[in-house]
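Data from protein.tsv: TSV, C-alpha atoms and all ligand atoms
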```tsv
chain	number	residue	atom	x	y	z
Y	1	MET	CA	85.85	97.62	97.55
Y	2	LYS	CA	85.95	94.15	96.02
Y	3	ILE	CA	89.35	93.85	94.33
Y	4	GLY	CA	90.91	91.02	92.33
Y	5	ILE	CA	94.70	90.97	92.03
Y	6	ILE	CA	96.40	88.88	89.32
Y	7	GLY	CA	100.03	88.31	90.17
Y	8	ALA	CA	101.10	87.46	93.69
Y	9	GLY	CA	104.76	88.46	93.60
Y	10	ASN	CA	106.54	91.53	94.96
Y	11	ILE	CA	103.90	94.01	93.80
Y	12	GLY	CA	100.72	91.91	93.85
Y	13	ALA	CA	101.24	90.49	97.34
Y	14	THR	CA	102.31	93.86	98.74
Y	15	LEU	CA	99.25	95.58	97.30
Y	16	ALA	CA	97.06	92.80	98.70
Y	17	ARG	CA	98.53	93.35	102.16
Y	18	ARG	CA	98.20	97.13	102.08
Y	19	LEU	CA	94.69	97.19	100.63
Y	20	SER	CA	93.32	94.44	102.88
Y	21	ALA	CA	94.67	96.42	105.86
Y	22	GLN	CA	92.32	99.20	104.72
Y	23	LYS	CA	89.34	96.78	104.78
Y	24	HIS	CA	89.20	96.14	101.05
Y	25	GLU	CA	88.13	92.62	100.11
Y	26	ILE	CA	90.99	91.04	98.17
Y	27	LYS	CA	91.13	87.98	95.92
Y	28	LEU	CA	94.64	86.99	94.86
Y	29	ALA	CA	95.68	84.80	91.92
Y	30	ASN	CA	98.91	83.69	90.28
Y	31	SER	CA	99.53	81.64	87.14
Y	32	LYS	CA	99.06	78.34	88.97
Y	33	SER	CA	96.37	76.89	91.22
Y	34	PRO	CA	95.16	78.67	94.39
Y	35	ASP	CA	96.68	75.84	96.48
Y	36	THR	CA	100.10	77.32	95.74
Y	37	LEU	CA	99.01	80.61	97.34
Y	38	THR	CA	97.12	79.55	100.45
Y	39	ASP	CA	99.76	80.55	103.03
Y	40	LEU	CA	100.71	83.80	101.32
Y	41	ALA	CA	97.07	84.81	100.88
Y	42	ARG	CA	96.36	84.16	104.57
Y	43	ASP	CA	99.42	86.18	105.54
Y	44	VAL	CA	98.42	89.23	103.46
Y	45	GLY	CA	94.72	89.11	104.33
Y	46	ALA	CA	93.48	87.91	100.93
Y	47	THR	CA	91.65	84.88	99.54
Y	48	ALA	CA	93.60	82.64	97.15
Y	49	VAL	CA	91.64	82.09	93.94
Y	50	THR	CA	92.02	81.17	90.30
Y	51	LYS	CA	92.53	83.93	87.72
Y	52	GLU	CA	88.97	83.36	86.54
Y	53	ASP	CA	87.66	83.89	90.07
Y	54	ALA	CA	89.88	86.96	90.58
Y	55	VAL	CA	88.12	88.80	87.75
Y	56	ALA	CA	84.58	87.74	88.72
Y	57	ASN	CA	82.29	89.90	90.89
Y	58	VAL	CA	84.89	92.56	91.62
Y	59	GLU	CA	84.91	96.34	91.11
Y	60	VAL	CA	88.63	96.67	90.43
Y	61	ILE	CA	91.19	94.28	88.94
Y	62	ILE	CA	94.86	94.99	89.56
Y	63	VAL	CA	97.29	93.22	87.25
Y	64	ALA	CA	100.79	92.73	88.66
Y	65	ILE	CA	102.47	90.31	86.26
Y	66	PRO	CA	105.52	90.57	83.99
Y	67	PHE	CA	104.80	92.86	81.02
Y	68	ALA	CA	105.27	90.14	78.41
Y	69	SER	CA	102.69	87.89	80.10
Y	70	TYR	CA	99.77	90.21	79.24
Y	71	PRO	CA	98.84	88.42	75.99
Y	72	ASP	CA	98.08	85.33	78.16
Y	73	LEU	CA	95.20	87.29	79.74
Y	74	ALA	CA	93.37	88.26	76.53
Y	75	ASP	CA	90.68	85.55	76.84
Y	76	LEU	CA	90.25	86.14	80.56
Y	77	PHE	CA	89.21	89.77	80.07
Y	78	ARG	CA	86.59	89.03	77.40
Y	79	THR	CA	84.02	88.19	80.06
Y	80	VAL	CA	84.77	91.12	82.39
Y	81	PRO	CA	82.09	93.86	82.33
Y	82	GLU	CA	83.21	97.26	80.97
Y	83	LYS	CA	82.49	99.02	84.27
Y	84	VAL	CA	85.15	97.01	86.09
Y	85	ILE	CA	88.29	99.13	86.49
Y	86	VAL	CA	91.55	97.48	85.38
Y	87	VAL	CA	94.87	98.69	86.78
Y	88	ASP	CA	98.21	98.03	85.07
Y	89	THR	CA	101.26	98.02	87.36
Y	90	SER	CA	103.72	96.69	84.80
Y	91	ASN	CA	106.98	97.93	83.30
Y	92	TYR	CA	108.76	96.86	80.15
Y	93	TYR	CA	112.30	95.53	80.57
Y	94	PRO	CA	113.65	93.99	77.34
Y	95	PHE	CA	116.20	91.82	79.22
Y	96	ARG	CA	113.26	90.13	80.98
Y	97	ASP	CA	110.37	90.59	78.53
Y	98	GLY	CA	112.21	90.22	75.21
Y	99	ALA	CA	112.19	93.06	72.68
Y	100	ILE	CA	108.64	94.08	71.76
Y	101	ALA	CA	108.78	96.00	68.46
Y	102	GLU	CA	105.84	98.33	69.08
Y	103	VAL	CA	107.15	99.43	72.47
Y	104	GLU	CA	110.67	99.76	71.07
Y	105	GLY	CA	109.07	102.01	68.44
Y	106	GLY	CA	107.73	104.36	71.12
Y	107	LYS	CA	104.25	103.05	71.95
Y	108	PRO	CA	103.63	103.79	75.64
Y	109	GLU	CA	103.73	100.56	77.63
Y	110	SER	CA	100.19	100.82	79.02
Y	111	VAL	CA	98.79	101.55	75.55
Y	112	TRP	CA	100.35	98.25	74.42
Y	113	VAL	CA	98.92	96.55	77.51
Y	114	SER	CA	95.42	97.90	76.84
Y	115	GLU	CA	95.63	96.54	73.30
Y	116	GLN	CA	96.62	93.06	74.52
Y	117	ILE	CA	93.56	92.76	76.74
Y	118	ASP	CA	91.32	94.94	74.54
Y	119	ARG	CA	90.26	97.40	77.20
Y	120	SER	CA	91.37	100.64	78.74
Y	121	VAL	CA	93.56	100.47	81.83
Y	122	VAL	CA	94.67	102.85	84.56
Y	123	LYS	CA	98.46	102.86	85.08
Y	124	ALA	CA	99.39	102.99	88.77
Y	125	TRP	CA	101.98	101.68	91.23
Y	126	ASN	CA	104.39	100.98	88.33
Y	127	ALA	CA	106.70	103.81	89.34
Y	128	VAL	CA	107.35	102.71	92.90
Y	129	LEU	CA	109.81	100.06	94.07
Y	130	ALA	CA	108.17	97.07	95.76
Y	131	ALA	CA	110.18	97.80	98.92
Y	132	THR	CA	108.98	101.41	98.89
Y	133	LEU	CA	105.41	100.18	98.61
Y	134	ALA	CA	105.92	97.69	101.43
Y	135	GLU	CA	107.79	99.91	103.87
Y	136	ARG	CA	107.45	103.62	103.09
Y	137	GLY	CA	103.72	104.23	102.93
Y	138	LYS	CA	102.41	106.74	105.50
Y	139	HIS	CA	99.10	107.82	106.93
Y	140	SER	CA	97.43	110.68	105.02
Y	141	ALA	CA	97.78	112.92	108.08
Y	142	GLU	CA	101.57	112.87	107.64
Y	143	THR	CA	103.01	115.67	105.55
Y	144	ASP	CA	106.03	113.99	103.96
Y	145	ARG	CA	104.39	111.26	101.92
Y	146	ILE	CA	105.93	109.84	98.74
Y	147	ALA	CA	103.78	110.39	95.64
Y	148	ILE	CA	102.77	107.92	92.93
Y	149	PRO	CA	101.66	108.90	89.40
Y	150	VAL	CA	98.34	107.62	88.06
Y	151	ALA	CA	97.53	107.78	84.33
Y	152	GLY	CA	94.40	106.85	82.40
Y	153	GLU	CA	91.70	107.98	80.00
Y	154	ASP	CA	88.61	107.62	82.16
Y	155	SER	CA	88.58	110.31	84.86
Y	156	GLU	CA	86.12	108.43	87.06
Y	157	ALA	CA	88.19	105.23	86.95
Y	158	LYS	CA	91.35	107.25	87.57
Y	159	SER	CA	89.79	108.93	90.57
Y	160	VAL	CA	88.87	105.54	92.11
Y	161	VAL	CA	92.42	104.27	91.57
Y	162	MET	CA	93.89	107.47	93.02
Y	163	GLY	CA	91.82	106.78	96.13
Y	164	LEU	CA	93.30	103.28	96.32
Y	165	VAL	CA	96.83	104.65	95.88
Y	166	GLU	CA	96.16	107.00	98.80
Y	167	ALA	CA	94.89	104.01	100.81
Y	168	THR	CA	98.23	102.25	100.28
Y	169	GLY	CA	99.97	105.17	102.00
Y	170	PHE	CA	101.05	107.44	99.14
Y	171	ASP	CA	99.91	110.73	97.60
Y	172	ALA	CA	98.34	110.15	94.19
Y	173	VAL	CA	99.26	112.52	91.34
Y	174	ASP	CA	97.18	112.65	88.15
Y	175	SER	CA	99.77	112.14	85.40
Y	176	GLY	CA	97.45	112.51	82.43
Y	177	ASP	CA	96.22	110.02	79.86
Y	178	LEU	CA	97.75	106.75	78.68
Y	179	LEU	CA	99.42	108.37	75.67
Y	180	SER	CA	101.48	110.50	78.03
Y	181	SER	CA	102.10	107.65	80.47
Y	182	TRP	CA	105.62	107.20	79.00
Y	183	ARG	CA	106.43	110.02	81.47
Y	184	GLN	CA	106.29	107.50	84.34
Y	185	GLN	CA	108.07	104.61	82.61
Y	186	PRO	CA	111.55	103.30	83.52
Y	187	GLY	CA	114.33	105.76	82.70
Y	188	THR	CA	112.31	108.88	83.51
Y	189	PRO	CA	112.77	111.13	86.58
Y	190	ALA	CA	109.34	110.10	87.93
Y	191	TYR	CA	110.24	106.40	88.02
Y	192	CYS	CA	111.08	104.93	91.42
Y	193	THR	CA	112.63	108.15	92.70
Y	194	GLU	CA	110.51	108.61	95.87
Y	195	LEU	CA	109.40	112.20	95.29
Y	196	SER	CA	106.80	114.37	97.00
Y	197	ALA	CA	103.67	115.28	95.00
Y	198	GLU	CA	105.13	118.68	94.12
Y	199	GLN	CA	108.47	117.18	93.04
Y	200	LEU	CA	106.71	114.44	91.08
Y	201	ARG	CA	104.74	116.97	88.98
Y	202	VAL	CA	108.03	118.69	88.09
Y	203	ALA	CA	109.63	115.31	87.27
Y	204	LEU	CA	106.73	114.28	85.00
Y	205	ASP	CA	107.08	117.56	83.11
Y	206	ALA	CA	110.83	117.16	82.80
Y	207	ALA	CA	110.68	113.63	81.30
Y	208	ASP	CA	112.52	113.24	78.01
Y	209	GLN	CA	111.13	110.46	75.83
Y	210	ALA	CA	114.25	110.34	73.65
Y	211	ARG	CA	116.46	109.54	76.66
Y	212	ALA	CA	114.21	107.24	78.68
Y	213	ALA	CA	115.07	103.85	77.12
Y	214	GLY	CA	118.80	104.60	77.21
Y	215	ASN	CA	118.59	105.69	80.86
Y	216	ARG	CA	116.64	102.48	81.66
Y	217	GLU	CA	119.29	100.27	80.06
Y	218	THR	CA	122.20	102.07	81.75
Y	219	LEU	CA	120.51	101.85	85.14
Y	220	ILE	CA	119.53	98.19	84.87
Y	221	LYS	CA	123.13	97.35	83.90
Y	222	GLN	CA	124.39	99.22	86.98
Y	223	PHE	CA	121.88	97.45	89.24
Y	224	MET	CA	122.79	94.03	87.85
Y	225	GLU	CA	126.50	94.68	88.31
Y	226	ALA	CA	125.91	95.84	91.89
Y	227	GLY	CA	123.78	92.76	92.70
Y	228	THR	CA	122.68	92.51	96.30
Y	229	THR	CA	125.29	94.96	97.54
Y	230	ILE	CA	123.18	98.00	96.68
Y	231	SER	CA	120.96	99.46	99.41
Y	232	HIS	CA	117.43	100.66	98.84
Y	233	ASP	CA	118.44	104.29	99.34
Y	234	ASP	CA	121.30	103.90	96.85
Y	235	MET	CA	118.87	102.44	94.33
Y	236	VAL	CA	116.63	105.49	94.65
Y	237	ALA	CA	119.67	107.82	94.48
Y	238	TRP	CA	120.95	106.07	91.32
Y	239	ASN	CA	117.50	106.36	89.73
Y	240	ARG	CA	117.48	110.08	90.50
Y	241	ALA	CA	121.03	110.63	89.21
Y	242	GLY	CA	120.53	108.45	86.12
Y	243	THR	CA	117.42	110.32	84.96
Y	244	ALA	CA	118.25	113.91	85.97
M	301	LIG	N1	109.36	94.57	91.77
M	301	LIG	C1	109.24	95.88	91.72
M	301	LIG	O1	109.92	96.64	92.47
M	301	LIG	C2	108.24	96.52	90.78
M	301	LIG	C3	107.90	97.87	90.97
M	301	LIG	C4	106.91	98.45	90.18
M	301	LIG	C5	106.32	97.70	89.16
M	301	LIG	N2	106.72	96.41	88.96
M	301	LIG	C6	106.09	95.68	87.85
M	301	LIG	O2	105.02	94.91	88.37
M	301	LIG	C7	104.91	93.68	87.65
M	301	LIG	C8	105.06	92.54	88.65
M	301	LIG	O3	106.37	92.61	89.20
M	301	LIG	P1	106.77	91.72	90.46
M	301	LIG	O4	108.10	92.20	90.88
M	301	LIG	O5	105.64	91.68	91.44
M	301	LIG	O6	106.91	90.29	89.75
M	301	LIG	P2	107.10	88.87	90.44
M	301	LIG	O7	107.49	89.02	91.87
M	301	LIG	O8	107.96	88.09	89.53
M	301	LIG	O9	105.62	88.26	90.43
M	301	LIG	C9	104.96	88.03	89.22
M	301	LIG	C10	103.63	87.38	89.53
M	301	LIG	O10	102.91	87.31	88.30
M	301	LIG	C11	102.35	86.01	88.18
M	301	LIG	N3	102.16	85.70	86.76
M	301	LIG	C12	103.07	85.65	85.77
M	301	LIG	N4	102.47	85.35	84.60
M	301	LIG	C13	101.14	85.21	84.89
M	301	LIG	C14	100.01	84.88	84.11
M	301	LIG	N5	100.09	84.66	82.79
M	301	LIG	N6	98.81	84.79	84.75
M	301	LIG	C15	98.71	85.03	86.09
M	301	LIG	N7	99.76	85.34	86.87
M	301	LIG	C16	100.96	85.43	86.27
M	301	LIG	C17	103.37	85.11	88.82
M	301	LIG	O11	102.74	83.89	89.16
M	301	LIG	P3	103.58	82.50	89.25
M	301	LIG	O12	104.42	82.61	90.47
M	301	LIG	O13	102.50	81.49	89.32
M	301	LIG	O14	104.39	82.46	87.97
M	301	LIG	C18	103.74	85.95	90.06
M	301	LIG	O15	102.80	85.75	91.09
M	301	LIG	C19	106.01	93.70	86.59
M	301	LIG	O16	105.49	94.12	85.36
M	301	LIG	C20	107.01	94.70	87.14
M	301	LIG	O17	107.75	95.35	86.12
M	301	LIG	C21	107.64	95.80	89.75
```
Spell out the structure here as structure tokens.
Ligand SMILES: NC(=O)c1ccc[n+]([C@@H]2O[C@H](COP(=O)([O-])OP(=O)(O)OC[C@H]3O[C@@H](n4cnc5c(N)ncnc54)[C@H](OP(=O)(O)O)[C@@H]3O)[C@@H](O)[C@H]2O)c1
Amino acid sequence: MKIGIIGAGNIGATLARRLSAQKHEIKLANSKSPDTLTDLARDVGATAVTKEDAVANVEVIIVAIPFASYPDLADLFRTVPEKVIVVDTSNYYPFRDGAIAEVEGGKPESVWVSEQIDRSVVKAWNAVLAATLAERGKHSAETDRIAIPVAGEDSEAKSVVMGLVEATGFDAVDSGDLLSSWRQQPGTPAYCTELSAEQLRVALDAADQARAAGNRETLIKQFMEAGTTISHDDMVAWNRAGTA
């Protein structure tokens, strides 16, 4: 497929690498000029472009930018045809994004995102650590794959994105519509806990909206205090323990 990725950091560049390895045609953009991305794009098998070019003549657009940067993209999406699928990978962290009243009031993050760019989105790859995405994907023939939740309103669009999630080396689990996508936000048992598909379905069901934001804040404080001393496996274990 022809895919534009906006955001070339931990998630955007990793998705570019994994999807280009599966023969998808990837255009990659950041907030600056493509010159700043030439080496990275070559390394991950993508073409460095402007944001405007990333959303032109593609079938899927993946947005991998900080949550609070979405309002910057409102104009960009006005020209994008409705049939183009837009994927939101973001998560809301008040310490980084500032407090956003509607989200603090309980609006699911991807609903807020879809309002900023005035179009429906599919939420995917938000609930997986960048290092998991980079290093723990497996071929579909393997039986012990990690699963990733995928939420959205449009079942056709969701099915395409689930196929792309599978292509990145993970089982895709349909997690419902955007209104229920709070079940895969930070502070829930589905978030960055490296579960199998069966375990992920149980975790999505077990999510408690009243506890999620508090869990998120406790965990982020723990991670910040631990700094670089925490291993990847500990991070996953803390996420599991902190949301159980
Ligand atoms: N890191 C993780 O483990 C992880 C896991 C799951 C989901 N996520 C979510 O995925 C999103 C991206 O995270 P990340 O860790 O990949 O972030 P990151 O490494 O900081 O990269 C952010 C990228 O977004 C670009 N960007 C920022 N504002 C932009 C704008 N207005 N227009 C175009 N590009 C813009 C930045 O470009 P410049 O360099 O030019 O500023 C950069 O390439 C976040 O919402 C995060 O919560 C992260």
What's the separation between atom O7 of ligand LIG 301 (chain M) and atom CA of Y:Val160, in Å to one decimal place?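 The value is 24.9 Å.
The nearest approach to Y:Ala21 among the residues Y:Val111, Y:Ala147, Y:Ala157, Y:Ala46, with all atoms listed in the file taken into account, belongs to Y:Ala46.
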Shortest interatomic distance to ligand LIG 301 (chain M) - which of Y:Ser69, Y:Asn239, Y:Ser110, Y:Ser20, counting all atoms listed in the file: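 When distances to ligand LIG 301 (chain M) are compared using all atoms listed in the file, the smallest one comes from Y:Ser69.
Comparing the minimum interatomic distances between ligand LIG 301 (chain M) and each of Y:Thr14, Y:Asn126, Y:Thr143, Y:Ser175, counting only C-alpha atoms and all ligand atoms, we find that Y:Asn126 sits nearest.
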Restricting the calculation to only C-alpha atoms and all ligand atoms: of Y:Ile65, Y:Leu15, Y:Leu40, Y:Val165, which residue gets closest to ligand LIG 301 (chain M)?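 With only C-alpha atoms and all ligand atoms as the atom set, the closest residue is Y:Ile65.
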